[in-house]
Amino acid sequence: MFKRLLSSALIFGMAAIAPPAFAGNCAPRDGLVEKLQSDYAESLQAGGLQTSRQLDTVIEVWSSTATGSFTVLRTHPTGISCILATGQNYFEVVPTVVPPGLPS
């Protein structure tokens, strides 16, 4: 009985502390930023603060006008960033501003 209980505890304990499947896409932010700038000529285009599960993270969009590539990062307070998405053919949408008093 004790052996079964111990085995079950070890198995479930190991499963609980296993790294997430996307952990391979995470690294210290400084290293990721350096790679985005040097290898892909990307620069920071947009960002914002995201609050979920009482943990604030920063979402950043990096892109390159020269190559059209883009990368979306999530940075945790620990300084670790994870790549959420990458792609090609990045474009910006520029909103049309109508001066006050003119019909839209």
# chains A, B, ... in the order shown; residues from 1 in each chain; ligands from 1

$ select_by_dssp --residues "range 6-100 of chain A" --states "helix (DSSP H, G or I)" --output "ChimeraX atom specification"
/A:6-17,21-25,29-40

$ residues_around --residues "range 88-97 of chain A" --least-positions-apart "6" --cutoff "9 Å" --atoms "only C-alpha atoms" --output "number ranges by chain"
A: 63-65, 67-70

$ residues_around --residues "Glu60 in chain A" --least-positions-apart "5" --cutoff "7 Å" --atoms "only C-alpha atoms" --output "number ranges by chain"
A: 46-48, 72-74

$ write_last_selection --atoms "N, CA and C atoms" --output "short mmCIF file (atom, residue, chain, number, x, y, z; two decimals), in the first residue's frame"
data_model
loop_
_atom_site.label_atom_id
_atom_site.label_comp_id
_atom_site.auth_asym_id
_atom_site.auth_seq_id
_atom_site.Cartn_x
_atom_site.Cartn_y
_atom_site.Cartn_z
N ALA A 46 5.01 48.15 -30.88
CA ALA A 46 3.87 48.39 -29.99
C ALA A 46 4.00 47.52 -28.77
N GLY A 47 3.28 47.88 -27.74
CA GLY A 47 3.31 47.08 -26.52
C GLY A 47 2.22 47.50 -25.58
N GLY A 48 2.00 46.68 -24.57
CA GLY A 48 0.98 46.99 -23.59
C GLY A 48 1.08 46.07 -22.40
N VAL A 72 5.79 38.43 -31.67
CA VAL A 72 5.02 38.87 -30.51
C VAL A 72 5.63 38.21 -29.28
N LEU A 73 6.03 39.04 -28.31
CA LEU A 73 6.65 38.56 -27.07
C LEU A 73 5.76 38.83 -25.87
N ARG A 74 5.83 37.96 -24.88
CA ARG A 74 5.23 38.20 -23.56
C ARG A 74 6.39 38.18 -22.57
#

$ closest_residue --among "A:Glu42, A:Val58, A:Pro99, A:Arg29" --to "Thr71 in chain A" --atoms "only C-alpha atoms"
A:Glu42

$ atom_distance --atom1 "CA of Cys82 in chain A" --atom2 "CA of Ala27 in chain A"
6.6 Å

$ atom_distance --atom1 "CA of Gln45 in chain A" --atom2 "CA of Gly79 in chain A"
19.4 Å
